[in-house]
$ cat model-v3.tsv   # TSV, C-alpha atoms
chain	number	residue	atom	x	y	z
A	230	MET	CA	-31.20	48.19	82.57
A	231	LEU	CA	-27.87	49.76	83.52
A	232	PRO	CA	-27.29	53.08	81.75
A	233	ALA	CA	-24.43	53.33	79.30
A	234	HIS	CA	-22.66	55.98	81.32
A	235	ALA	CA	-22.85	54.14	84.68
A	236	SER	CA	-19.15	53.37	84.89
A	237	HIS	CA	-18.66	53.58	88.65
A	238	GLU	CA	-20.10	51.58	91.49
A	239	PRO	CA	-22.56	54.05	93.12
A	240	GLU	CA	-24.58	54.60	89.94
A	241	GLN	CA	-24.53	50.90	89.19
A	242	VAL	CA	-25.95	50.20	92.65
A	243	VAL	CA	-28.64	52.86	92.22
A	244	ALA	CA	-29.55	51.52	88.78
A	245	SER	CA	-29.90	48.00	90.15
A	246	THR	CA	-32.01	49.21	93.08
A	247	ILE	CA	-34.34	51.14	90.78
A	248	THR	CA	-34.64	48.13	88.49
A	249	GLU	CA	-35.67	45.91	91.38
A	250	HIS	CA	-38.28	48.46	92.46
A	251	TRP	CA	-39.62	48.62	88.91
A	252	ARG	CA	-39.84	44.84	88.78
A	253	SER	CA	-41.78	44.82	92.04
A	254	LEU	CA	-44.35	47.02	90.26
A	255	ARG	CA	-44.81	44.40	87.49
A	256	ALA	CA	-41.98	45.75	85.32
A	257	GLU	CA	-43.00	46.48	81.71
A	258	ARG	CA	-46.41	44.89	82.33
A	259	GLY	CA	-47.18	47.40	85.08
A	260	PHE	CA	-48.42	50.98	85.04
A	261	LEU	CA	-44.88	52.39	84.62
A	262	GLY	CA	-44.20	50.46	81.43
A	263	GLU	CA	-40.82	50.38	79.69
A	264	PRO	CA	-37.78	52.49	80.72
A	265	GLN	CA	-37.20	55.65	78.70
A	266	GLY	CA	-33.62	56.85	78.30
A	267	GLU	CA	-30.79	56.61	80.82
A	268	LEU	CA	-30.52	56.90	84.57
A	269	LEU	CA	-29.75	60.50	85.50
A	270	CYS	CA	-27.88	61.40	88.71
A	271	ASP	CA	-26.37	64.55	90.13
A	272	VAL	CA	-22.58	64.71	90.42
A	273	ALA	CA	-22.51	63.43	94.00
A	274	VAL	CA	-25.01	60.64	93.24
A	275	ARG	CA	-27.26	61.94	96.00
A	276	ARG	CA	-30.31	62.25	93.77
A	277	CYS	CA	-31.11	60.08	90.75
A	278	ALA	CA	-34.09	59.47	88.50
A	279	GLN	CA	-35.06	56.93	85.86
A	280	GLU	CA	-37.92	57.79	83.56
A	281	PHE	CA	-40.40	55.19	82.38
A	282	ALA	CA	-43.26	55.43	79.92
A	283	GLY	CA	-45.75	55.90	82.76
A	284	GLY	CA	-43.73	57.92	85.26
A	285	THR	CA	-40.41	58.35	87.05
A	286	ILE	CA	-38.74	56.35	89.80
A	287	ALA	CA	-36.59	58.70	91.85
A	288	TRP	CA	-33.85	57.69	94.28
A	289	ASP	CA	-32.05	59.30	97.19
A	290	PRO	CA	-29.91	57.71	99.92
A	291	VAL	CA	-32.51	58.33	102.63
A	292	ARG	CA	-35.67	57.06	100.97
A	293	GLY	CA	-34.22	54.77	98.33
A	294	PRO	CA	-36.28	54.21	95.17
A	295	HIS	CA	-39.76	55.71	95.11
A	296	LEU	CA	-42.40	56.80	92.64
A	297	ALA	CA	-41.75	60.52	92.12
A	298	ALA	CA	-45.40	61.25	91.29
A	299	ALA	CA	-46.52	59.97	94.72
A	300	ASP	CA	-44.99	63.17	96.15
A	301	ARG	CA	-46.64	65.54	93.64
A	302	VAL	CA	-49.91	66.94	94.85
A	303	ALA	CA	-51.45	67.37	91.40
A	304	SER	CA	-50.68	63.77	90.36
A	305	ARG	CA	-53.30	61.03	90.34
A	306	TYR	CA	-50.64	58.91	92.08
A	307	VAL	CA	-50.16	61.25	95.04
A	308	VAL	CA	-50.27	59.52	98.43
A	309	VAL	CA	-51.77	61.59	101.22
A	310	ASN	CA	-51.84	60.11	104.71
A	311	LYS	CA	-50.93	60.88	108.33
A	312	HIS	CA	-47.24	61.16	107.42
A	313	ARG	CA	-47.75	63.00	104.13
A	314	PRO	CA	-49.80	66.21	104.49
A	315	LEU	CA	-50.78	68.45	101.62
A	316	PRO	CA	-48.99	71.81	101.35
A	317	GLN	CA	-50.54	74.74	103.18
A	318	GLY	CA	-53.19	76.37	101.01
A	319	TYR	CA	-53.35	73.62	98.39
A	320	ALA	CA	-56.48	73.25	96.27
A	321	PRO	CA	-56.97	71.48	92.91
A	322	ALA	CA	-56.64	73.75	89.89
A	323	LYS	CA	-59.91	72.54	88.36
A	324	LEU	CA	-62.92	70.61	89.58
A	325	ARG	CA	-65.94	69.15	87.80
A	326	GLU	CA	-69.34	68.26	89.22
A	327	VAL	CA	-69.94	64.51	89.39
A	328	ALA	CA	-73.23	64.77	91.32
A	329	PRO	CA	-75.26	67.73	92.61
A	330	GLY	CA	-72.97	69.68	94.93
A	331	GLN	CA	-70.17	67.10	94.65
A	332	ARG	CA	-67.00	67.70	92.61
A	333	LEU	CA	-63.83	65.87	91.63
A	334	VAL	CA	-60.87	66.72	89.42
A	335	PRO	CA	-61.99	66.25	85.79
A	336	ALA	CA	-60.28	62.91	85.08
A	337	ALA	CA	-61.65	61.39	88.29
A	338	ALA	CA	-65.11	62.83	87.62
A	339	ARG	CA	-65.29	61.26	84.15
A	340	ARG	CA	-64.31	57.82	85.45
A	341	ALA	CA	-66.64	58.15	88.45
A	342	GLU	CA	-69.53	58.82	86.07
A	343	ALA	CA	-68.64	55.64	84.17
A	344	LEU	CA	-68.43	53.67	87.43
A	345	LEU	CA	-71.82	54.93	88.61
A	346	ALA	CA	-73.39	54.05	85.26
A	347	ALA	CA	-71.89	50.56	85.30
A	348	ALA	CA	-73.11	49.92	88.84
A	349	ALA	CA	-76.63	51.05	87.89
A	350	ASP	CA	-76.57	48.75	84.84
A	351	ASP	CA	-75.67	45.86	87.15
A	352	GLY	CA	-78.57	46.64	89.47
A	353	VAL	CA	-76.52	48.08	92.35
A	354	ALA	CA	-77.03	51.81	91.88
A	355	LEU	CA	-74.86	54.13	93.97
A	356	ARG	CA	-74.94	57.78	94.94
A	357	VAL	CA	-72.13	60.17	95.82
A	358	ALA	CA	-72.28	61.04	99.49
A	359	SER	CA	-69.09	63.12	99.58
A	360	ALA	CA	-66.33	64.12	97.15
A	361	TYR	CA	-63.98	67.14	97.19
A	362	ARG	CA	-63.67	69.06	100.45
A	363	SER	CA	-61.70	72.24	100.96
A	364	THR	CA	-59.23	72.34	103.83
A	365	ALA	CA	-61.75	74.42	105.78
A	366	ASP	CA	-64.47	71.84	105.12
A	367	GLN	CA	-62.15	69.06	106.25
A	368	ALA	CA	-61.25	70.94	109.42
A	369	ALA	CA	-64.94	71.34	110.21
A	370	ALA	CA	-65.58	67.63	109.55
A	371	PHE	CA	-62.72	66.62	111.83
A	372	ARG	CA	-63.96	68.91	114.63
A	373	ARG	CA	-67.46	67.47	114.26
A	374	TRP	CA	-66.26	63.87	114.50
A	375	SER	CA	-64.04	64.77	117.45
A	376	ARG	CA	-67.05	66.13	119.32
A	377	VAL	CA	-69.18	63.09	118.50
A	378	LEU	CA	-66.60	60.32	118.97
A	379	GLY	CA	-63.88	61.88	121.08
A	380	PRO	CA	-60.38	62.69	119.80
A	381	GLU	CA	-59.01	59.13	119.88
A	382	ARG	CA	-61.78	57.47	117.89
A	383	ALA	CA	-62.10	60.45	115.57
A	384	ALA	CA	-58.44	60.10	114.60
A	385	VAL	CA	-59.14	56.78	112.85
A	386	GLN	CA	-62.49	57.80	111.38
A	387	SER	CA	-61.64	61.22	109.99
A	388	ALA	CA	-58.47	62.98	108.85
A	389	ARG	CA	-57.05	66.19	110.12
A	390	PRO	CA	-57.10	69.06	107.62
A	391	ARG	CA	-54.36	68.74	104.94
A	392	HIS	CA	-54.22	64.97	105.60
A	393	SER	CA	-57.40	63.98	103.78
A	394	GLU	CA	-57.61	62.56	100.27
A	395	HIS	CA	-60.88	64.43	99.85
A	396	GLU	CA	-58.85	67.64	99.65
A	397	THR	CA	-57.13	66.37	96.49
A	398	GLY	CA	-60.36	65.99	94.52
A	399	LEU	CA	-59.42	62.36	93.83
A	400	ALA	CA	-61.60	60.65	96.46
A	401	LEU	CA	-65.29	60.09	96.93
A	402	ASP	CA	-67.57	58.33	99.39
A	403	LEU	CA	-70.47	56.28	98.01
A	404	LEU	CA	-73.73	54.93	99.41
A	405	PRO	CA	-76.57	52.89	97.87
A	406	ALA	CA	-78.85	55.06	95.74
A	407	ALA	CA	-81.87	53.47	97.43
A	408	GLY	CA	-82.72	50.90	100.06
A	409	GLU	CA	-82.54	50.57	103.81
A	410	CYS	CA	-78.80	51.16	104.14
A	411	GLN	CA	-78.19	54.87	103.90
A	412	GLU	CA	-75.38	55.05	106.45
A	413	PHE	CA	-71.71	54.16	106.21
A	414	ALA	CA	-72.02	51.83	109.21
A	415	CYS	CA	-74.06	49.28	107.22
A	416	PHE	CA	-72.45	49.74	103.82
A	417	ALA	CA	-70.00	46.81	104.08
A	418	ASP	CA	-72.91	44.34	104.04
A	419	THR	CA	-74.51	45.68	100.85
A	420	ALA	CA	-74.41	44.40	97.29
A	421	GLN	CA	-72.95	47.78	96.35
A	422	ALA	CA	-69.90	47.22	98.57
A	423	ARG	CA	-69.34	43.79	97.06
A	424	TRP	CA	-69.64	45.23	93.55
A	425	LEU	CA	-67.08	47.95	94.29
A	426	ALA	CA	-64.61	45.42	95.68
A	427	GLU	CA	-64.89	43.46	92.43
A	428	HIS	CA	-65.21	46.21	89.82
A	429	ALA	CA	-63.85	49.55	91.08
A	430	HIS	CA	-60.41	48.89	89.55
A	431	GLU	CA	-61.99	48.56	86.10
A	432	HIS	CA	-62.78	52.27	86.30
A	433	GLY	CA	-59.48	53.43	87.79
A	434	PHE	CA	-60.51	53.43	91.46
A	435	VAL	CA	-59.31	51.49	94.49
A	436	VAL	CA	-60.94	50.96	97.86
A	437	ARG	CA	-58.45	53.08	99.74
A	438	TYR	CA	-58.89	51.88	103.34
A	439	PRO	CA	-59.19	48.08	103.33
A	440	GLU	CA	-60.07	45.89	106.28
A	441	GLY	CA	-57.21	45.01	108.62
A	442	GLN	CA	-54.90	47.76	107.33
A	443	GLU	CA	-55.42	50.37	110.04
A	444	ASP	CA	-51.75	50.31	111.08
A	445	VAL	CA	-50.74	51.00	107.48
A	446	THR	CA	-53.33	53.51	106.27
A	447	GLY	CA	-54.15	55.10	109.62
A	448	PHE	CA	-57.91	54.68	109.17
A	449	THR	CA	-60.55	52.06	109.85
A	450	TYR	CA	-62.09	49.92	107.11
A	451	GLU	CA	-64.04	52.13	104.68
A	452	PRO	CA	-65.48	50.10	101.80
A	453	TRP	CA	-67.35	53.22	100.66
A	454	HIS	CA	-64.23	55.38	100.21
A	455	LEU	CA	-62.83	55.18	96.68
A	456	ARG	CA	-59.65	56.78	95.45
A	457	PHE	CA	-58.96	57.51	91.78
A	458	VAL	CA	-55.50	56.38	90.66
A	459	GLY	CA	-56.21	55.63	86.99
A	460	GLU	CA	-56.88	52.29	85.38
A	461	PRO	CA	-53.25	51.13	84.93
A	462	LEU	CA	-52.33	51.43	88.61
A	463	ALA	CA	-55.73	50.21	89.82
A	464	ARG	CA	-55.37	47.18	87.54
A	465	ASP	CA	-51.89	46.44	88.88
A	466	MET	CA	-53.01	46.65	92.49
A	467	HIS	CA	-55.91	44.32	91.78
A	468	ALA	CA	-53.67	41.85	89.90
A	469	LEU	CA	-51.14	41.71	92.75
A	470	GLY	CA	-53.71	41.75	95.53
A	471	SER	CA	-52.19	44.91	97.02
A	472	THR	CA	-54.20	46.08	99.98
A	473	SER	CA	-53.12	49.74	100.07
A	474	LEU	CA	-51.23	52.40	98.15
A	475	GLU	CA	-48.62	52.43	100.90
A	476	GLU	CA	-48.00	48.71	100.44
A	477	HIS	CA	-48.00	48.79	96.65
A	478	LEU	CA	-45.67	51.78	96.35
A	479	ASP	CA	-43.41	50.67	99.21
A	480	LEU	CA	-44.11	53.67	101.44
A	481	GLU	CA	-43.80	53.54	105.20
A	482	PRO	CA	-46.94	52.71	107.23
A	483	ALA	CA	-48.80	55.79	108.42
A	484	GLY	CA	-50.85	54.60	111.36
A	485	THR	CA	-50.33	57.78	113.40
A	486	TYR	CA	-49.43	61.41	112.86
A	487	ASP	CA	-45.86	61.15	114.19
A	488	GLY	CA	-44.25	59.98	110.94
A	489	SER	CA	-40.77	60.79	109.73
A	490	GLN	CA	-41.96	61.80	106.26
A	491	ALA	CA	-44.16	64.70	107.41
A	492	GLY	CA	-44.11	67.56	104.94
A	493	VAL	CA	-42.81	65.53	102.00
A	494	LEU	CA	-45.57	66.53	99.59
A	495	ALA	CA	-45.05	69.62	97.48
A	496	GLY	CA	-45.89	71.10	94.12
A	497	ASP	CA	-44.93	69.34	90.93
A	498	ARG	CA	-41.25	68.49	90.78
A	499	GLN	CA	-39.56	67.93	87.47
A	500	PRO	CA	-37.37	64.85	86.95
A	501	LEU	CA	-33.65	65.36	87.33
A	502	ARG	CA	-32.10	66.80	84.17

$ encode --input "model-v3.tsv" --output "structure tokens"
Amino acid sequence: MLPAHASHEPEQVVASTITEHWRSLRAERGFLGEPQGELLCDVAVRRCAQEFAGGTIAWDPVRGPHLAAADRVASRYVVVNKHRPLPQGYAPAKLREVAPGQRLVPAAARRAEALLAAAADDGVALRVASAYRSTADQAAAFRRWSRVLGPERAAVQSARPRHSEHETGLALDLLPAAGECQEFACFADTAQARWLAEHAHEHGFVVRYPEGQEDVTGFTYEPWHLRFVGEPLARDMHALGSTSLEEHLDLEPAGTYDGSQAGVLAGDRQPLR
């Protein structure tokens, strides 16, 4: 996949590195699909980008190859965690109601409706307990959990404001629509949790905080917390058995708030031209 104009060693090395990253994401069978056009680099080869049918892999000498859309707050691929806060004042441009009083960005809302209908058809009806939260709402939730659990336990149960996926409008928390379990504490033992683990990817969602991944995601096991990433990426993660977005996209673990990538997220960035 070397570009025609890559006649000197640095660009050749970058091209090879990007190709290997693409292959790790299932190459042309994965959500990025086939390469589109040539590798583009600035004159100093300090910033490069290769476009693919489903997105762009960017490269710089500090981070190496990475999915450019994971840094863009309006992208369904954005990764928000304890190292990657949302920009100050960010809010989704448009939201759509998916349940009374609960909203998601339109694409996520449409797929959530399909997921809820499919679960009901399979006899494991679900309800939306929480979806989009403003930064102010998230701040209030974090203060509440801190009072109830104490700061240390709250830090792995709830996110600080600007560090929560709920603020993107791409995440929702689910509970059984009926039955004895109406609390998150018992959800893992329900038929609904088992159904989500098996079928969420079919509707473009992943269980964002899997069991045993606290040091990577920064949060305890939450089988009720779904994150919309779109069907192609959700399918790839399921096919490869990826346990988290951080793992699948080769991002550093974000177990605590002292990460080196703090502040990386920003508004949409265009590929290098």

$ atom_distance --input "model-v3.tsv" --atom1 "CA of Gly379 (chain A)" --atom2 "CA of Cys415 (chain A)"
21.3 Å

$ residues_around --input "model-v3.tsv" --residues "Arg456 (chain A)" --least-positions-apart "5" --cutoff "12 Å" --atoms "only C-alpha atoms" --output "MDAnalysis selection string"
chainID A and resid 305:309 333:334 337:338 340:341 360:361 393:403 425 429:430 432:439 451 462:463 473:474

$ residues_near_point --input "model-v3.tsv" --point "(-71.7, 47.4, 104.2)" --cutoff "12 Å" --atoms "only C-alpha atoms" --output "ChimeraX atom specification"
/A:403-405,409-426,440,450-454

$ write_last_selection --input "model-v3.tsv" --atoms "C-alpha atoms" --output "compact mmCIF listing (two decimals), keeping the file's coordinate frame"
# COMPACT_ATOMS: atom_id res chain seq x y z
CA LEU A 403 -70.47 56.28 98.01
CA LEU A 404 -73.73 54.93 99.41
CA PRO A 405 -76.57 52.89 97.87
CA GLU A 409 -82.54 50.57 103.81
CA CYS A 410 -78.80 51.16 104.14
CA GLN A 411 -78.19 54.87 103.90
CA GLU A 412 -75.38 55.05 106.45
CA PHE A 413 -71.71 54.16 106.21
CA ALA A 414 -72.02 51.83 109.21
CA CYS A 415 -74.06 49.28 107.22
CA PHE A 416 -72.45 49.74 103.82
CA ALA A 417 -70.00 46.81 104.08
CA ASP A 418 -72.91 44.34 104.04
CA THR A 419 -74.51 45.68 100.85
CA ALA A 420 -74.41 44.40 97.29
CA GLN A 421 -72.95 47.78 96.35
CA ALA A 422 -69.90 47.22 98.57
CA ARG A 423 -69.34 43.79 97.06
CA TRP A 424 -69.64 45.23 93.55
CA LEU A 425 -67.08 47.95 94.29
CA ALA A 426 -64.61 45.42 95.68
CA GLU A 440 -60.07 45.89 106.28
CA TYR A 450 -62.09 49.92 107.11
CA GLU A 451 -64.04 52.13 104.68
CA PRO A 452 -65.48 50.10 101.80
CA TRP A 453 -67.35 53.22 100.66
CA HIS A 454 -64.23 55.38 100.21

$ residues_around --input "model-v3.tsv" --residues "Arg372 (chain A)" --least-positions-apart "5" --cutoff "12 Å" --atoms "all atoms listed in the file" --output "list of chain:residue names"
A:Ala365, A:Asp366, A:Gln367, A:Val377, A:Leu378, A:Gly379, A:Pro380, A:Ala383, A:Ala384, A:Gln386, A:Ser387, A:Ala388, A:Arg389, A:Pro390

$ write_last_selection --input "model-v3.tsv" --atoms "C-alpha atoms" --output "compact mmCIF listing (two decimals), keeping the file's coordinate frame"
# COMPACT_ATOMS: atom_id res chain seq x y z
CA ALA A 365 -61.75 74.42 105.78
CA ASP A 366 -64.47 71.84 105.12
CA GLN A 367 -62.15 69.06 106.25
CA VAL A 377 -69.18 63.09 118.50
CA LEU A 378 -66.60 60.32 118.97
CA GLY A 379 -63.88 61.88 121.08
CA PRO A 380 -60.38 62.69 119.80
CA ALA A 383 -62.10 60.45 115.57
CA ALA A 384 -58.44 60.10 114.60
CA GLN A 386 -62.49 57.80 111.38
CA SER A 387 -61.64 61.22 109.99
CA ALA A 388 -58.47 62.98 108.85
CA ARG A 389 -57.05 66.19 110.12
CA PRO A 390 -57.10 69.06 107.62

$ atom_distance --input "model-v3.tsv" --atom1 "CA of His250 (chain A)" --atom2 "CA of His295 (chain A)"
7.9 Å

$ closest_residue --input "model-v3.tsv" --among "A:Val291, A:Glu280, A:Ser253, A:Arg313" --to "Gln265 (chain A)" --atoms "only C-alpha atoms"
A:Glu280

$ closest_residue --input "model-v3.tsv" --among "A:Leu296, A:Ala346, A:Val385, A:Ala354" --to "Thr449 (chain A)" --atoms "all atoms listed in the file"
A:Val385

$ closest_residue --input "model-v3.tsv" --among "A:Arg391, A:Arg362, A:Arg252, A:Arg292" --to "His312 (chain A)" --atoms "all atoms listed in the file"
A:Arg391

$ atom_distance --input "model-v3.tsv" --atom1 "CA of Ile286 (chain A)" --atom2 "CA of His392 (chain A)"
23.7 Å

$ residues_around --input "model-v3.tsv" --residues "Asp465 (chain A)" --least-positions-apart "2" --cutoff "10 Å" --atoms "only C-alpha atoms" --output "short mmCIF file (atom, residue, chain, number, x, y, z; two decimals) with C-alpha atoms, keeping the file's coordinate frame"
data_model
loop_
_atom_site.label_atom_id
_atom_site.label_comp_id
_atom_site.auth_asym_id
_atom_site.auth_seq_id
_atom_site.Cartn_x
_atom_site.Cartn_y
_atom_site.Cartn_z
CA LEU A 254 -44.35 47.02 90.26
CA ARG A 255 -44.81 44.40 87.49
CA ARG A 258 -46.41 44.89 82.33
CA GLY A 259 -47.18 47.40 85.08
CA PHE A 260 -48.42 50.98 85.04
CA HIS A 430 -60.41 48.89 89.55
CA GLU A 460 -56.88 52.29 85.38
CA PRO A 461 -53.25 51.13 84.93
CA LEU A 462 -52.33 51.43 88.61
CA ALA A 463 -55.73 50.21 89.82
CA HIS A 467 -55.91 44.32 91.78
CA ALA A 468 -53.67 41.85 89.90
CA LEU A 469 -51.14 41.71 92.75
CA GLY A 470 -53.71 41.75 95.53
CA SER A 471 -52.19 44.91 97.02
CA HIS A 477 -48.00 48.79 96.65
#

$ closest_residue --input "model-v3.tsv" --among "A:Glu257, A:Lys323, A:Ser304, A:Val242" --to "Phe281 (chain A)" --atoms "only C-alpha atoms"
A:Glu257
